[in-house]
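Participant: Dumping the structure here so I can ask a few things about it.
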Amino acid sequence: MSATNGVVETTSSASLNDFSPISTLERQGAGPLGQRLVIGLQANASCWLEGGVESILKLKRGDNLSTESAKHPALNFEENSEDDFDAFAFLQESGEKSSGAQEVDGHGKRKQGIGGFFRKVAASASTTLERQMQGLAVRIDQGRNPDLLRVGMYDADSNELLALTESMPMPSERQDLRFEVPLTLPARWRQKKILLKLWIQSGAALLQSTKAARNYLLATTSIDCAQLSIGIQAVPLTSKLVVGGKLELCVMPDPKFSQVVVDRNWSLTDPDTTAYASSLNFLPLDQSYAFKGKEGTRWLMATERATESTIVLPVAASVMELAARASLKSLHHAQSVAKNLRANRHDSNDPSKSTCSMGVVGVTTETPPATTGNLSISWRRPDSMFELELLANHVIPISGEEFVSPSSVINLKFHPKLCTEDILPGVLNQWGGRLPQNGYLLGSIYFCLSIQSNDYVDLWEANVALESYVNSQNNSVQVPLLKNGLSVGNLLMQIQISMPTEKPKFATIPSNDGLVSLVGLENLAVGVNPVLDADATSIPGMDSLRHQQLATMGYFFTVQYMEQHLSIRQSVTESFQDRARAYKQALLQPETVSPHQVRSPKSFRPSASRSAALLSAIPFNVHVSTLNINEVNSTHDISSAKQYQGASFHNVTHGAPSDHARGFGNVLAGISSFNVSGGLRRLEKKRVECAGALEKSQNQLIAAVGNYLATARKIHQVNHIPARHAEIQGLRWKVFECVHNLHHVTWMCAVRRANVFSQSLGLALSSYLTTISDIEKCAAGWPDIWRHHGYMVCFEGLLSAAGKELGMIEDASVAIKMLRMVRVVIMPDNGQPSKAVSVPGSPFLKWVNLFASGQGSQRQFLLQVGVDQAYYRERVPAPIQNGTAVQFYPVLYQVGVDIRQWGAHAGSNLLKQNGKQDGKNEISKGLVDDEDDDVGVVDDDVLVSLNFEALQKMNAYAHAINPQQILLDKVQQAMNFAFAPHDGSTRSDGDSLLPVHPSLSLLHSHIISSAGKMNHAILDEAATLAQQLGGGGLVFCKSGKDRTAMHVTYKQAQFAARYRDEHDSEATLRDATLMRIYGVRLPICEKNVGQAKYAFNALQASNYLAKEPLKVDGLGGNFVV
């Protein structure tokens, strides 16, 4: 500390500015926990200093200022005749002299040494220069920027700075001044003494920009903390500058841990102390604010809290249990299909198949046209019209005489299966329309001998029914060769067929309730054999001509594909099993590690763990964020929280519910030359396109086969397509490729759906349980509406429709839509069911139990939540008791708030101006690196489409709970249409079956005008409407820490403004900025990445974050640059 002419105590700007206002994790976790005090401060009007810092700079030694009068009124510096500072005035001043800088003359008097003289000159010059610089800056500013006041809390003994309020501008007129950021008294100082110091500094722009503004002590007071009591009290201030100054203190208990059930900001998902003690959950984050009430004597003490949800990990474990069981069924089903495919192959030896051994000696004919010919051999299966070529163009001898010592020039062995079903109609007709007495068919061997003779090629043919040679004793045969139906020679060969030693075991294990069906997908591969991943009841009948035609074409899966796919399916099954096992284990034995280093299952998953596949089913960075306002005044006994008037505002904040670990690259890599990439919305649209391509290729194959058979049968009966028919074989392999593509994309979508659904379900349930914890909301009658129409979960997304974030949007949109399949039942805990997952660390939640019913697109989930019996009786609203199921009603609004979206809009608008209207473009890289490489597609239109879809859903809900003379049947029809599966194409305003509800007209206009813009008013209005419709709000960006922080703090500031009946948008933004700097959002950043800073840079701050409501101006160094 130093003094200005011995009048006013001062301190440098750095001494206060270096005290970080950020509530770090270290401060949040300082013990002993729960014993701090929160002290709101209000300086009375007597603390108002006329002239402010300028008056202080005019003071000479012995002068005093007060709020009543000033000996030296604050004149303009140019008008002050006394404003000349003498740097050597100290020579006439008395003071303490240093023994090292003085000497004694002959009369015993001390005289000043030359060293002390220069030190005093230097000190005086420095002080004077600094004072004159402060004065110069004040002159230049000309009062444009008000002086700033703040209060610091100090240890009375060590003068250690313990806490600091925000800087408040000094009002232009005398009035009380309330600081909005209270001082938090650490628990270790509850029995000590502290000093409260009221500082003033110049707000001159030059001093603020250089951080050189000096702080002047306006007033101070000493407080014995042991004497502090909860409530409102006034303490007098000691000052050399003001008279009658007082501080009013509003002392509140530690808000770290909510009073269970009593506090409005408490949620059913909150952990109890055992969860914190066991490291199952990290400590809640909190910050209080002191707002002015409608009356001057009223304090609005608002507490912002961010608490982890105890329910997300048990829900993830439950979903993974279901997924693991379903995936195992799918694996066994696929293994049985693969076994059938192998058994269906001619080169697969199996004890349940026959074996055909064949040797060819040559050809005998009366007049050989040549000495050799080229022989091709094909197997004509009885269950498929496509020949299988066994041998191609093998040279064999042709002789006009018998072979003296016959020896085989061709030796062939293959393993035809015993066909008992799916026999070709033409083949069956050759056997009189029924199977032979032995009950099976093996097919026939087709021989084609090509003989080059002079200028032409002769084709001699033969066909041998394999059934004729089963267990034949005479294995040497002569098979007649025909040309144009006439015999031209004989094929000399040996053939032996041995029958199987075991009965066929080719039954396919059904895929009922497999993974594809579990996640709500239908099998789109119509007419494909073998049937893969389709519930038995959903397999279409084969009564149509098209299905009958396809049934004659055999199998359309290759063994090679199935072998490759089985390894993928095996890996996925093991992954689901590992997750289910690890998640349940973590509930009992959590790992102790710093939050940003978490890579094992926990309720909190940091954004830095995106690549951890083990955590794929756990949502990111989930916090139940609340702002609880309590009205306090001097007439209330505030020792009992039950007597507070006020309100509470809840949101769930989180990272994007997306399968980050799987990425957004080409899912067909290694399978096909086609590229199918992106998130679920795009993948499922591609899946529909794959199904369309399959149908088209099937139709082309059917047409080509039909044309061939119609032409060939004009000459003779034909049942098979030649193996060398290039056109038809090409079309056939095109069908194979389409089947493989469709199947693989379907499986990838199913796996991805399971992971992201697990995330969205934990988020939605957290919102629902938080809302039913709100006594006031439940008392307003909303539970009865939820029972009839569902609980609205309104997701507000802040992702850009570019690069990887586009993939995250696509994942999130499907994950959120899947919530419509879920119904929740709150049940009293009468004992944990056998398959339920426990919820440790919660005072009232005991277990969750997830059931699946229905099939495919008719899939439904019932989620039972067991709660403490006493809580169930006393607090669960009656309309949702007694087994009442509440269905989720999910909506997603999405506005791109990111530098990439800013660039995407600009680029898209430019493209449209140049005539390209599809709204899509390729970007090579985002302008700003945000942990991921954002190479990929820009889809500007997806945001508009998503918002129209959300509007249709919200519109139907609004009509249902607030009818507008429209039949309820039509409203229900509109609801069903809004949630009906579609191909992911853009929906527009014209798709709605209902007129826009009057309450949604403003939101409707925002969405209509949103193309090519970052219109944040969409989220603002949608969030307000969701709250008015009794729903819960969920806010997310990529990681849930930066853009989410800007959005949710603005929402909280709006809520506080509405409660105070204020309509000043600038004041709302100031409150939001206050929360962004002092509140819980920066500690959340630290939890995620180990650093309490927002990940914004100067380019972002100067563009898309330069306007309300996400404006970052005023955050200082608290964002990464």
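We label chains A, B, ... in the order they appear in the structure tokens, count residues from 1 in each chain, and number ligands from 1 in the order shown.
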Excluding Ile618 in chain A and residues on its chain fewer than 2 positions from it, collect all residues at most 7 Å away from it, counting only C-alpha atoms, and give them as a PyMOL selection string.

Facilitator: chain A and resi 312-313+316+615-616+620+758-759

Participant: Write out, as JSON lines, each residue of range 267-375 of chain A that has an atom at most 9 Å from range 241-252 of chain A, together with the closest pair of atoms and their distance in Å to one decimal, counting only C-alpha atoms, rows going by chain and rising number.

Facilitator:
```
{"residue": "A:Ala290", "atom": "CA", "partner": "A:Cys250", "partner_atom": "CA", "distance": 8.7}
{"residue": "A:Trp299", "atom": "CA", "partner": "A:Cys250", "partner_atom": "CA", "distance": 7.8}
{"residue": "A:Met301", "atom": "CA", "partner": "A:Met252", "partner_atom": "CA", "distance": 8.5}
```

Participant: Generate a file of the selected residues that holds N, CA and C atoms, formatted as a PDB file, in the first residue's frame.

Facilitator:
```
ATOM      1  N   ALA A 290     -26.690 -10.972  -6.027  1.00  0.00           N
ATOM      2  CA  ALA A 290     -27.618 -10.139  -5.264  1.00  0.00           C
ATOM      3  C   ALA A 290     -28.245  -9.126  -6.203  1.00  0.00           C
ATOM      4  N   TRP A 299     -34.208  -7.837  -1.089  1.00  0.00           N
ATOM      5  CA  TRP A 299     -33.056  -8.446  -1.738  1.00  0.00           C
ATOM      6  C   TRP A 299     -33.529  -9.662  -2.538  1.00  0.00           C
ATOM      7  N   MET A 301     -31.796 -12.702  -3.691  1.00  0.00           N
ATOM      8  CA  MET A 301     -30.568 -13.498  -3.635  1.00  0.00           C
ATOM      9  C   MET A 301     -30.727 -14.694  -4.575  1.00  0.00           C
TER      10      MET A 301
END
```

Participant: Do you know which residues are at most 8 Å from range 1035-1038 of chain A counting only C-alpha atoms, after dropping those on the same chain fewer than 6 positions away, and could you put them as a list of chain:residue names?

Facilitator: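 Selected residues are A:Asn651, A:Val652, A:Thr653, A:His654, A:Gly655, A:Ala656, A:Phe795, A:Glu796, A:Gly797, A:Leu798, A:Leu799, A:Glu805, A:Met808, A:Thr1044, A:His1047, A:Val1048.
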
Participant: Calculate how many Å separate CA of Leu806 in chain A from CA of Gln894 in chain A, rounding to one decimal.

Facilitator: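 The value is 11.1 Å.
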
Participant: Rank A:Asn849, A:Thr420, A:Leu951, A:Ala580 by their smallest atom-to-atom distance to Arg434 in chain A, using only C-alpha atoms, and report the top residue only.

Facilitator: A:Thr420
